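Source file start17.cif; content: mmCIF, C-alpha atoms.
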```
data_target
#
loop_
_atom_site.group_PDB
_atom_site.id
_atom_site.type_symbol
_atom_site.label_atom_id
_atom_site.label_comp_id
_atom_site.auth_asym_id
_atom_site.auth_seq_id
_atom_site.Cartn_x
_atom_site.Cartn_y
_atom_site.Cartn_z
ATOM 1 C CA MET A 236 66.279 63.180 138.014
ATOM 2 C CA LYS A 237 66.426 62.005 141.619
ATOM 3 C CA TYR A 238 69.110 63.212 143.935
ATOM 4 C CA THR A 239 70.308 62.110 147.342
ATOM 5 C CA ILE A 240 69.841 64.431 150.302
ATOM 6 C CA THR A 241 73.288 64.644 151.852
ATOM 7 C CA PRO A 242 73.834 65.697 155.486
ATOM 8 C CA LEU A 243 75.263 69.011 154.278
ATOM 9 C CA ARG A 244 72.247 69.703 152.079
ATOM 10 C CA PHE A 245 69.886 68.758 154.911
ATOM 11 C CA LEU A 246 71.744 71.126 157.237
ATOM 12 C CA GLN A 247 71.548 73.955 154.715
ATOM 13 C CA LYS A 248 67.821 73.454 154.234
ATOM 14 C CA ASN A 249 66.935 72.890 157.891
ATOM 15 C CA TRP A 250 69.622 74.860 159.697
ATOM 16 C CA LEU A 251 67.069 76.823 161.726
ATOM 17 C CA LEU A 252 65.564 73.609 163.095
ATOM 18 C CA VAL A 253 69.037 72.212 163.802
ATOM 19 C CA GLY A 254 69.907 75.462 165.571
ATOM 20 C CA ILE A 255 66.750 75.199 167.695
ATOM 21 C CA LEU A 256 67.658 71.666 168.746
ATOM 22 C CA CYS A 257 71.179 72.805 169.629
ATOM 23 C CA CYS A 258 69.718 75.639 171.716
ATOM 24 C CA ILE A 259 67.605 73.121 173.626
ATOM 25 C CA PHE A 260 70.630 70.892 174.240
ATOM 26 C CA VAL A 261 72.875 73.740 175.436
ATOM 27 C CA ALA A 262 70.108 75.231 177.597
ATOM 28 C CA GLY A 263 69.548 71.844 179.214
ATOM 29 C CA ILE A 264 73.224 71.527 180.164
ATOM 30 C CA TYR A 265 73.479 74.809 182.078
ATOM 31 C CA PRO A 266 70.165 76.725 182.098
ATOM 32 C CA LYS A 267 71.272 79.339 184.629
ATOM 33 C CA LEU A 268 73.591 80.907 182.041
ATOM 34 C CA GLY A 269 70.747 82.140 179.851
ATOM 35 C CA SER A 270 68.037 82.569 182.468
ATOM 36 C CA LYS A 271 66.676 85.820 183.801
ATOM 37 C CA GLN A 272 69.054 87.396 186.323
ATOM 38 C CA GLY A 273 71.778 85.108 184.948
ATOM 39 C CA PRO A 274 75.255 86.087 183.706
ATOM 40 C CA LEU A 275 73.929 87.032 180.249
ATOM 41 C CA ARG A 276 71.393 89.452 181.781
ATOM 42 C CA THR A 277 68.748 88.282 179.361
ATOM 43 C CA GLU A 278 66.134 90.635 180.793
ATOM 44 C CA TYR A 279 68.053 93.319 178.885
ATOM 45 C CA THR A 280 69.992 91.501 176.160
ATOM 46 C CA VAL A 281 66.858 89.818 174.789
ATOM 47 C CA LYS A 282 64.389 92.683 174.859
ATOM 48 C CA TYR A 283 66.765 95.511 173.983
ATOM 49 C CA GLY A 284 69.297 93.406 172.115
ATOM 50 C CA ALA A 285 68.044 90.407 170.148
ATOM 51 C CA ILE A 286 64.467 91.668 169.690
ATOM 52 C CA PHE A 287 65.778 95.101 168.682
ATOM 53 C CA ILE A 288 68.072 93.504 166.084
ATOM 54 C CA ILE A 289 65.232 91.388 164.661
ATOM 55 C CA PHE A 290 63.065 94.425 163.976
ATOM 56 C CA LEU A 291 65.986 96.561 162.871
ATOM 57 C CA VAL A 292 66.679 93.933 160.203
ATOM 58 C CA SER A 293 62.990 93.951 159.270
ATOM 59 C CA GLY A 294 63.100 97.718 158.891
ATOM 60 C CA ILE A 295 66.131 97.478 156.609
ATOM 61 C CA SER A 296 64.770 94.636 154.474
ATOM 62 C CA LEU A 297 61.191 95.840 153.995
ATOM 63 C CA LYS A 298 60.351 97.898 150.952
ATOM 64 C CA THR A 299 58.557 101.120 151.800
ATOM 65 C CA ASP A 300 55.970 100.669 149.068
ATOM 66 C CA SER A 301 55.154 97.170 150.347
ATOM 67 C CA ILE A 302 54.377 98.659 153.756
ATOM 68 C CA PHE A 303 51.755 100.989 152.298
ATOM 69 C CA LYS A 304 50.285 98.158 150.218
ATOM 70 C CA THR A 305 50.018 96.027 153.344
ATOM 71 C CA PHE A 306 48.038 98.755 155.128
ATOM 72 C CA GLN A 307 45.369 98.414 152.435
ATOM 73 C CA GLN A 308 44.872 94.677 152.947
ATOM 74 C CA TYR A 309 42.178 95.242 155.544
ATOM 75 C CA LYS A 310 40.438 91.889 154.903
ATOM 76 C CA LEU A 311 43.631 90.022 155.759
ATOM 77 C CA HIS A 312 44.161 92.074 158.914
ATOM 78 C CA CYS A 313 40.550 91.602 160.047
ATOM 79 C CA PHE A 314 40.804 87.855 159.522
ATOM 80 C CA ILE A 315 44.051 87.528 161.505
ATOM 81 C CA GLN A 316 42.878 89.667 164.431
ATOM 82 C CA CYS A 317 39.462 87.966 164.575
ATOM 83 C CA PHE A 318 41.174 84.579 164.455
ATOM 84 C CA THR A 319 43.450 85.640 167.321
ATOM 85 C CA PHE A 320 40.976 87.332 169.650
ATOM 86 C CA ILE A 321 37.707 85.540 168.781
ATOM 87 C CA PHE A 322 38.333 82.067 167.352
ATOM 88 C CA ILE A 323 41.276 81.108 169.590
ATOM 89 C CA PRO A 324 39.540 82.109 172.895
ATOM 90 C CA ILE A 325 36.387 80.206 171.831
ATOM 91 C CA PHE A 326 38.490 77.186 170.848
ATOM 92 C CA GLY A 327 40.259 77.485 174.220
ATOM 93 C CA VAL A 328 36.939 77.311 176.083
ATOM 94 C CA ILE A 329 35.942 74.163 174.172
ATOM 95 C CA LEU A 330 39.374 72.595 174.674
ATOM 96 C CA ILE A 331 39.315 73.259 178.415
ATOM 97 C CA GLN A 332 35.946 71.511 178.753
ATOM 98 C CA PHE A 333 37.465 68.521 176.995
ATOM 99 C CA LEU A 334 40.646 68.522 179.097
ATOM 100 C CA TYR A 335 38.630 68.817 182.309
ATOM 101 C CA ILE A 336 37.241 65.330 181.651
ATOM 102 C CA PHE A 337 40.791 63.919 181.754
ATOM 103 C CA GLY A 338 41.514 65.474 185.139
ATOM 104 C CA VAL A 339 44.087 68.038 184.010
ATOM 105 C CA HIS A 340 45.197 70.296 186.851
ATOM 106 C CA PRO A 341 42.579 73.099 187.231
ATOM 107 C CA TRP A 342 45.207 75.818 187.542
ATOM 108 C CA VAL A 343 46.836 74.590 184.353
ATOM 109 C CA LEU A 344 43.442 75.015 182.700
ATOM 110 C CA LYS A 345 43.329 78.593 183.970
ATOM 111 C CA GLY A 346 46.776 79.079 182.484
ATOM 112 C CA ILE A 347 45.578 77.785 179.112
ATOM 113 C CA THR A 348 42.638 80.201 179.291
ATOM 114 C CA THR A 349 45.019 83.061 179.949
ATOM 115 C CA VAL A 350 47.375 82.007 177.174
ATOM 116 C CA ALA A 351 44.495 81.715 174.687
ATOM 117 C CA SER A 352 43.527 85.311 175.440
ATOM 118 C CA MET A 353 46.913 86.755 174.559
ATOM 119 C CA PRO A 354 48.194 88.090 171.212
ATOM 120 C CA PRO A 355 50.660 85.926 169.255
ATOM 121 C CA PRO A 356 54.447 86.262 169.594
ATOM 122 C CA VAL A 357 55.985 89.015 167.515
ATOM 123 C CA SER A 358 59.620 88.108 166.925
ATOM 124 C CA SER A 359 59.191 84.409 166.147
ATOM 125 C CA ALA A 360 56.146 85.074 163.929
ATOM 126 C CA VAL A 361 58.116 87.519 161.803
ATOM 127 C CA ILE A 362 61.266 85.385 161.600
ATOM 128 C CA LEU A 363 59.432 82.166 160.736
ATOM 129 C CA THR A 364 57.389 83.967 158.080
ATOM 130 C CA ARG A 365 60.559 85.400 156.547
ATOM 131 C CA ALA A 366 62.270 82.000 156.685
ATOM 132 C CA ALA A 367 59.325 80.501 154.779
ATOM 133 C CA GLN A 368 59.491 83.457 152.358
ATOM 134 C CA GLY A 369 55.919 84.447 153.164
ATOM 135 C CA ASN A 370 54.416 87.917 153.505
ATOM 136 C CA GLU A 371 56.788 89.302 156.112
ATOM 137 C CA THR A 372 55.246 92.768 156.019
ATOM 138 C CA ALA A 373 51.777 91.413 156.803
ATOM 139 C CA ALA A 374 53.152 89.221 159.596
ATOM 140 C CA LEU A 375 55.012 92.163 161.083
ATOM 141 C CA PHE A 376 52.061 94.542 160.837
ATOM 142 C CA ASN A 377 49.565 92.119 162.382
ATOM 143 C CA SER A 378 51.963 91.083 165.144
ATOM 144 C CA ILE A 379 52.453 94.688 166.195
ATOM 145 C CA LEU A 380 48.748 95.482 165.781
ATOM 146 C CA GLY A 381 47.818 92.440 167.852
ATOM 147 C CA SER A 382 50.203 93.501 170.618
ATOM 148 C CA PHE A 383 48.511 96.886 170.897
ATOM 149 C CA ILE A 384 44.994 95.420 170.678
ATOM 150 C CA GLY A 385 45.878 92.866 173.354
ATOM 151 C CA ILE A 386 46.531 95.623 175.873
ATOM 152 C CA ILE A 387 42.794 96.343 175.888
ATOM 153 C CA VAL A 388 41.175 93.092 174.735
ATOM 154 C CA THR A 389 43.121 90.560 176.825
ATOM 155 C CA PRO A 390 41.996 91.882 180.254
ATOM 156 C CA ILE A 391 38.396 91.893 178.988
ATOM 157 C CA LEU A 392 38.650 88.292 177.801
ATOM 158 C CA LEU A 393 40.164 87.225 181.117
ATOM 159 C CA PHE A 394 37.329 88.882 183.026
ATOM 160 C CA LEU A 395 34.669 87.210 180.867
ATOM 161 C CA GLN A 396 36.237 83.744 181.177
ATOM 162 C CA LEU A 397 37.779 83.716 184.651
ATOM 163 C CA GLY A 398 35.703 86.314 186.455
ATOM 164 C CA SER A 399 38.857 88.237 187.323
ATOM 165 C CA THR A 400 41.470 90.180 185.438
ATOM 166 C CA THR A 401 44.507 92.355 185.930
ATOM 167 C CA ILE A 402 45.420 95.916 185.172
ATOM 168 C CA VAL A 403 48.043 96.120 182.451
ATOM 169 C CA PRO A 404 50.500 99.009 182.975
ATOM 170 C CA LEU A 405 49.347 100.837 179.844
ATOM 171 C CA LEU A 406 52.012 103.525 179.540
ATOM 172 C CA ASP A 407 54.866 101.175 180.409
ATOM 173 C CA THR A 408 53.620 98.549 177.939
ATOM 174 C CA LEU A 409 53.200 101.117 175.172
ATOM 175 C CA PHE A 410 56.700 102.454 175.860
ATOM 176 C CA GLN A 411 58.242 98.978 175.679
ATOM 177 C CA LEU A 412 56.413 98.190 172.433
ATOM 178 C CA ALA A 413 57.537 101.481 170.941
ATOM 179 C CA VAL A 414 61.177 101.023 171.971
ATOM 180 C CA THR A 415 61.549 97.351 171.046
ATOM 181 C CA LEU A 416 59.331 97.226 167.936
ATOM 182 C CA LEU A 417 58.556 100.572 166.329
ATOM 183 C CA LEU A 418 61.860 102.350 167.000
ATOM 184 C CA PRO A 419 64.113 99.706 165.351
ATOM 185 C CA LEU A 420 61.721 99.517 162.397
ATOM 186 C CA MET A 421 61.958 103.258 161.834
ATOM 187 C CA ILE A 422 65.739 103.226 162.284
ATOM 188 C CA GLY A 423 65.987 100.427 159.725
ATOM 189 C CA GLN A 424 63.907 102.357 157.199
ATOM 190 C CA VAL A 425 66.026 105.484 157.729
ATOM 191 C CA LEU A 426 69.270 103.535 157.281
ATOM 192 C CA LYS A 427 67.959 101.940 154.120
ATOM 193 C CA LYS A 428 66.828 105.251 152.646
ATOM 194 C CA HIS A 429 69.762 107.503 153.509
ATOM 195 C CA TYR A 430 72.653 105.044 153.261
ATOM 196 C CA LYS A 431 71.355 103.128 150.229
ATOM 197 C CA LEU A 432 71.979 99.767 151.846
ATOM 198 C CA LYS A 433 72.057 96.900 149.373
ATOM 199 C CA THR A 434 69.972 94.325 151.179
ATOM 200 C CA GLN A 435 70.805 91.648 148.618
ATOM 201 C CA THR A 436 74.456 91.624 149.686
ATOM 202 C CA LEU A 437 73.777 91.651 153.438
ATOM 203 C CA PRO A 438 73.081 88.403 155.354
ATOM 204 C CA LEU A 439 69.980 89.941 156.931
ATOM 205 C CA ASN A 440 68.032 86.698 157.131
ATOM 206 C CA THR A 441 70.926 84.940 158.860
ATOM 207 C CA ILE A 442 71.380 87.802 161.331
ATOM 208 C CA SER A 443 67.717 87.852 162.325
ATOM 209 C CA GLN A 444 67.542 84.070 162.634
ATOM 210 C CA CYS A 445 70.636 84.050 164.863
ATOM 211 C CA ALA A 446 68.969 86.684 167.041
ATOM 212 C CA LEU A 447 65.873 84.474 167.200
ATOM 213 C CA LEU A 448 68.009 81.487 168.214
ATOM 214 C CA PHE A 449 69.340 83.540 171.119
ATOM 215 C CA VAL A 450 65.747 84.289 172.162
ATOM 216 C CA ILE A 451 64.925 80.587 171.871
ATOM 217 C CA TYR A 452 67.963 79.631 173.940
ATOM 218 C CA THR A 453 67.012 81.983 176.764
ATOM 219 C CA THR A 454 63.392 80.819 176.615
ATOM 220 C CA PHE A 455 64.436 77.214 177.142
ATOM 221 C CA CYS A 456 66.818 78.219 179.923
ATOM 222 C CA ASP A 457 63.881 79.744 181.782
ATOM 223 C CA THR A 458 61.744 76.690 180.980
ATOM 224 C CA PHE A 459 64.288 74.233 182.383
ATOM 225 C CA LEU A 460 64.523 76.210 185.605
ATOM 226 C CA VAL A 461 60.816 75.854 186.415
ATOM 227 C CA PRO A 462 60.525 74.472 189.958
ATOM 228 C CA GLU A 463 58.788 71.188 190.636
ATOM 229 C CA THR A 464 55.051 71.818 190.927
ATOM 230 C CA GLY A 465 53.666 68.332 191.471
ATOM 231 C CA LEU A 466 52.025 68.352 188.047
ATOM 232 C CA SER A 467 51.433 65.080 186.224
ATOM 233 C CA ALA A 468 52.864 64.196 182.832
ATOM 234 C CA LEU A 469 49.310 64.430 181.492
ATOM 235 C CA ASP A 470 49.208 68.111 182.484
ATOM 236 C CA VAL A 471 52.358 68.823 180.523
ATOM 237 C CA LEU A 472 51.321 66.674 177.541
ATOM 238 C CA PHE A 473 47.995 68.424 176.989
ATOM 239 C CA THR A 474 49.513 71.829 177.567
ATOM 240 C CA ILE A 475 51.971 71.302 174.686
ATOM 241 C CA PHE A 476 49.097 71.408 172.163
ATOM 242 C CA SER A 477 47.512 74.683 173.453
ATOM 243 C CA GLY A 478 47.915 78.375 173.851
ATOM 244 C CA ILE A 479 49.627 81.612 172.828
ATOM 245 C CA PRO A 480 52.578 83.281 174.657
ATOM 246 C CA ILE A 481 51.609 85.250 177.743
ATOM 247 C CA LEU A 482 53.141 88.021 179.775
ATOM 248 C CA ARG A 483 54.113 86.863 183.232
ATOM 249 C CA ILE A 484 52.687 90.023 184.804
ATOM 250 C CA MET A 485 49.140 88.739 184.293
ATOM 251 C CA PHE A 486 49.250 86.543 187.409
ATOM 252 C CA HIS A 487 52.173 88.001 189.330
ATOM 253 C CA GLY A 488 51.905 87.136 193.016
ATOM 254 C CA TYR A 489 49.457 84.240 192.650
ATOM 255 C CA SER A 490 50.177 81.252 194.884
ATOM 256 C CA HIS A 491 49.583 78.966 191.874
ATOM 257 C CA LEU A 492 51.824 80.983 189.574
ATOM 258 C CA SER A 493 53.895 77.935 188.586
ATOM 259 C CA GLN A 494 50.863 75.998 187.394
ATOM 260 C CA ILE A 495 49.415 79.010 185.586
ATOM 261 C CA SER A 496 52.780 79.702 183.969
ATOM 262 C CA LEU A 497 53.152 76.163 182.598
ATOM 263 C CA PRO A 498 51.204 76.852 179.366
ATOM 264 C CA LEU A 499 53.270 79.924 178.525
ATOM 265 C CA LEU A 500 56.532 78.150 179.344
ATOM 266 C CA VAL A 501 55.673 75.114 177.237
ATOM 267 C CA TYR A 502 53.842 76.789 174.364
ATOM 268 C CA HIS A 503 56.484 79.207 173.112
ATOM 269 C CA PRO A 504 59.264 76.593 172.775
ATOM 270 C CA THR A 505 56.800 74.137 171.210
ATOM 271 C CA GLN A 506 55.558 76.774 168.770
ATOM 272 C CA ILE A 507 59.118 77.514 167.706
ATOM 273 C CA ILE A 508 60.006 73.833 167.259
ATOM 274 C CA LEU A 509 56.892 73.103 165.207
ATOM 275 C CA GLY A 510 57.460 76.282 163.214
ATOM 276 C CA GLY A 511 61.010 75.214 162.451
ATOM 277 C CA LEU A 512 59.729 71.820 161.276
ATOM 278 C CA VAL A 513 57.216 73.208 158.779
ATOM 279 C CA VAL A 514 59.323 76.117 157.443
ATOM 280 C CA PRO A 515 61.081 74.048 154.711
ATOM 281 C CA GLN A 516 57.756 72.608 153.506
ATOM 282 C CA LEU A 517 56.070 76.005 153.488
ATOM 283 C CA LYS A 518 59.028 77.509 151.655
ATOM 284 C CA ASP A 519 58.783 74.871 148.936
ATOM 285 C CA TRP A 520 55.017 75.445 148.731
ATOM 286 C CA MET A 521 55.551 79.201 148.352
ATOM 287 C CA HIS A 522 57.998 78.588 145.493
ATOM 288 C CA SER A 523 55.554 76.286 143.715
ATOM 289 C CA GLN A 524 52.691 78.771 144.070
ATOM 290 C CA ARG A 525 54.758 81.663 142.763
ATOM 291 C CA ALA A 526 55.947 79.554 139.815
ATOM 292 C CA ARG A 527 52.320 79.000 138.780
ATOM 293 C CA ARG A 528 51.524 82.703 138.657
ATOM 294 C CA PRO A 529 51.381 84.211 135.171
ATOM 295 C CA VAL A 530 54.276 86.503 134.348
#
```

For the file at hand, write its structure as structure tokens.
Amino acid sequence: MKYTITPLRFLQKNWLLVGILCCIFVAGIYPKLGSKQGPLRTEYTVKYGAIFIIFLVSGISLKTDSIFKTFQQYKLHCFIQCFTFIFIPIFGVILIQFLYIFGVHPWVLKGITTVASMPPPVSSAVILTRAAQGNETAALFNSILGSFIGIIVTPILLFLQLGSTTIVPLLDTLFQLAVTLLLPLMIGQVLKKHYKLKTQTLPLNTISQCALLFVIYTTFCDTFLVPETGLSALDVLFTIFSGIPILRIMFHGYSHLSQISLPLLVYHPTQIILGGLVVPQLKDWMHSQRARRPV
């Protein structure tokens, strides 16, 4: 029997995408509110607030036995990490040769190279996987693993491709990863074990998605505040289809920092928008695949 998709039903099914679009609209009206050094102090409220909440929720919702089972899926982990640190950089090299023909700004191309050498985003990868009802534990594990691997591999890739690299503050980076990722996960597991939290009755998915929307809002605020760089629309258009999020410290102090930063500023919002678009379809696909499995 056919049924009509009402606006309310559409909103319920695609509320994350609608929320992303609202974040873009609000950020465009007054971007200084959610920018770094702005009134919301997003340099602290995002990293030690929203990101902490996202992984605290993950720690509460994950089953301990599923974590140990995920550790044993070494083929999956090898595929994801090889895809991230081997296939994507090689694809980036080929893409840059293609974009060079169209006269894309050379420093934008360097930015794409840098972006393609970085590990994937952690918070949005986990949230989008959970929203699509995929393997959240595997997404979480590989996101964290990729962040630690990137500390060593990314500078090497940059040296091989650009002939120069940067020294990542190892201890500071490890400390930030431990505080913002591992600590909330462990706290969540402890809360779940000792306080017998009933995850079915808690709106954990809604809480984590709201935290992600705050991250998205602040990301767009920073994006809208990018100064004019004299780049053409072609530079921006091609950049939208490339890259992985990058840490700004990689090219701190460069005179062409704005051009290099364009891929990271454009990619993360684009990745989130496209992710929000495909989540409902992937969720339906996951349901159909699970329904086919024998009981």

Self-check item: Selection result of the PyMOL selection byres ((chain A and resi 272-288) around 12) on this file, as an NGL selection string
Solution: :A and (265-271 or 289-295 or 356-359 or 361-362 or 411-423 or 439-454 or 456-457 or 460)

Quiz item: Could you work out how far atom CA of Ile315 of chain A lies from atom CA of Leu363 of chain A, giving the answer in Å with one decimal?
Solution: 16.3 Å

Exercise. Kindly indicate which residue among A:Ile255, A:Ile329, A:Leu344, A:Leu409 lies nearest to Gln506 of chain A, using all atoms listed in the file for the distances.
Key: A:Ile255

Quiz item: With all atoms listed in the file as the atoms that count, which of A:Gly263, A:Arg244, A:Ser301, A:Ala366 lies nearest to Met521 of chain A?
Solution: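 Closest to Met521 of chain A, using all atoms listed in the file: A:Ala366.
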
Quiz prompt | Minimum-distance residue to Thr299 of chain A, chosen among A:Lys428, A:Arg527, A:His522, A:Lys345 (using all atoms listed in the file) | solution = A:Lys428

Self-check item: Nearest to Asn249 of chain A by atom-to-atom distance, counting only C-alpha atoms, from A:Ile331, A:Ala262, A:Leu297, A:Ile508
Solution: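 Counting only C-alpha atoms, the residue closest to Asn249 of chain A is A:Ile508.
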
Quiz item: How many Å separate atom CA of His312 of chain A from atom CA of Ala360 of chain A?
Solution: 14.8 Å

Quiz prompt | Pairwise distance for atom CA of Ser352 of chain A and atom CA of Phe383 of chain A, rounded to one decimal in Å | solution =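 Value for the atom CA of Ser352 of chain A-atom CA of Phe383 of chain A distance: 13.4 Å.
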
Quiz item: From the list A:Val350, A:Val328, A:Leu426, A:Ile302, which residue is nearest Glu371 of chain A when using all atoms listed in the file?
Solution: A:Ile302

What are the closest atom pairs, with distances in Å to one decimal, for all residues of segment 342-393 of chain A lying within 12 Å of segment 307-311 of chain A? Consider only C-alpha atoms, order rows by chain and residue number, and present the result as CSV.
```
residue,atom,partner,partner_atom,distance
A:Asn370,CA,A:Leu311,CA,11.2
A:Thr372,CA,A:Gln308,CA,11.0
A:Ala373,CA,A:Leu311,CA,8.3
A:Ala374,CA,A:Leu311,CA,10.3
A:Phe376,CA,A:Gln308,CA,10.7
A:Asn377,CA,A:Leu311,CA,9.1
```

For the residues selected in the previous step, produce a file with C-alpha atoms as a PDB file, in the frame of the given file.
```pdb
ATOM      1  CA  ASN A 370      54.416  87.917 153.505  1.00  0.00           C
ATOM      2  CA  THR A 372      55.246  92.768 156.019  1.00  0.00           C
ATOM      3  CA  ALA A 373      51.777  91.413 156.803  1.00  0.00           C
ATOM      4  CA  ALA A 374      53.152  89.221 159.596  1.00  0.00           C
ATOM      5  CA  PHE A 376      52.061  94.542 160.837  1.00  0.00           C
ATOM      6  CA  ASN A 377      49.565  92.119 162.382  1.00  0.00           C
TER       7      ASN A 377
END
```

Residue list as a tab-separated table (two decimals) with C-alpha atoms, keeping the file's coordinate frame for point (60.0, 83.9, 148.7), cut-off 12 Å, all atoms listed in the file:
```tsv
chain	number	residue	atom	x	y	z
A	364	THR	CA	57.39	83.97	158.08
A	365	ARG	CA	60.56	85.40	156.55
A	366	ALA	CA	62.27	82.00	156.68
A	367	ALA	CA	59.32	80.50	154.78
A	368	GLN	CA	59.49	83.46	152.36
A	369	GLY	CA	55.92	84.45	153.16
A	370	ASN	CA	54.42	87.92	153.50
A	371	GLU	CA	56.79	89.30	156.11
A	440	ASN	CA	68.03	86.70	157.13
A	514	VAL	CA	59.32	76.12	157.44
A	515	PRO	CA	61.08	74.05	154.71
A	517	LEU	CA	56.07	76.00	153.49
A	518	LYS	CA	59.03	77.51	151.66
A	519	ASP	CA	58.78	74.87	148.94
A	520	TRP	CA	55.02	75.44	148.73
A	521	MET	CA	55.55	79.20	148.35
A	522	HIS	CA	58.00	78.59	145.49
A	523	SER	CA	55.55	76.29	143.72
A	524	GLN	CA	52.69	78.77	144.07
A	525	ARG	CA	54.76	81.66	142.76
A	526	ALA	CA	55.95	79.55	139.82
```
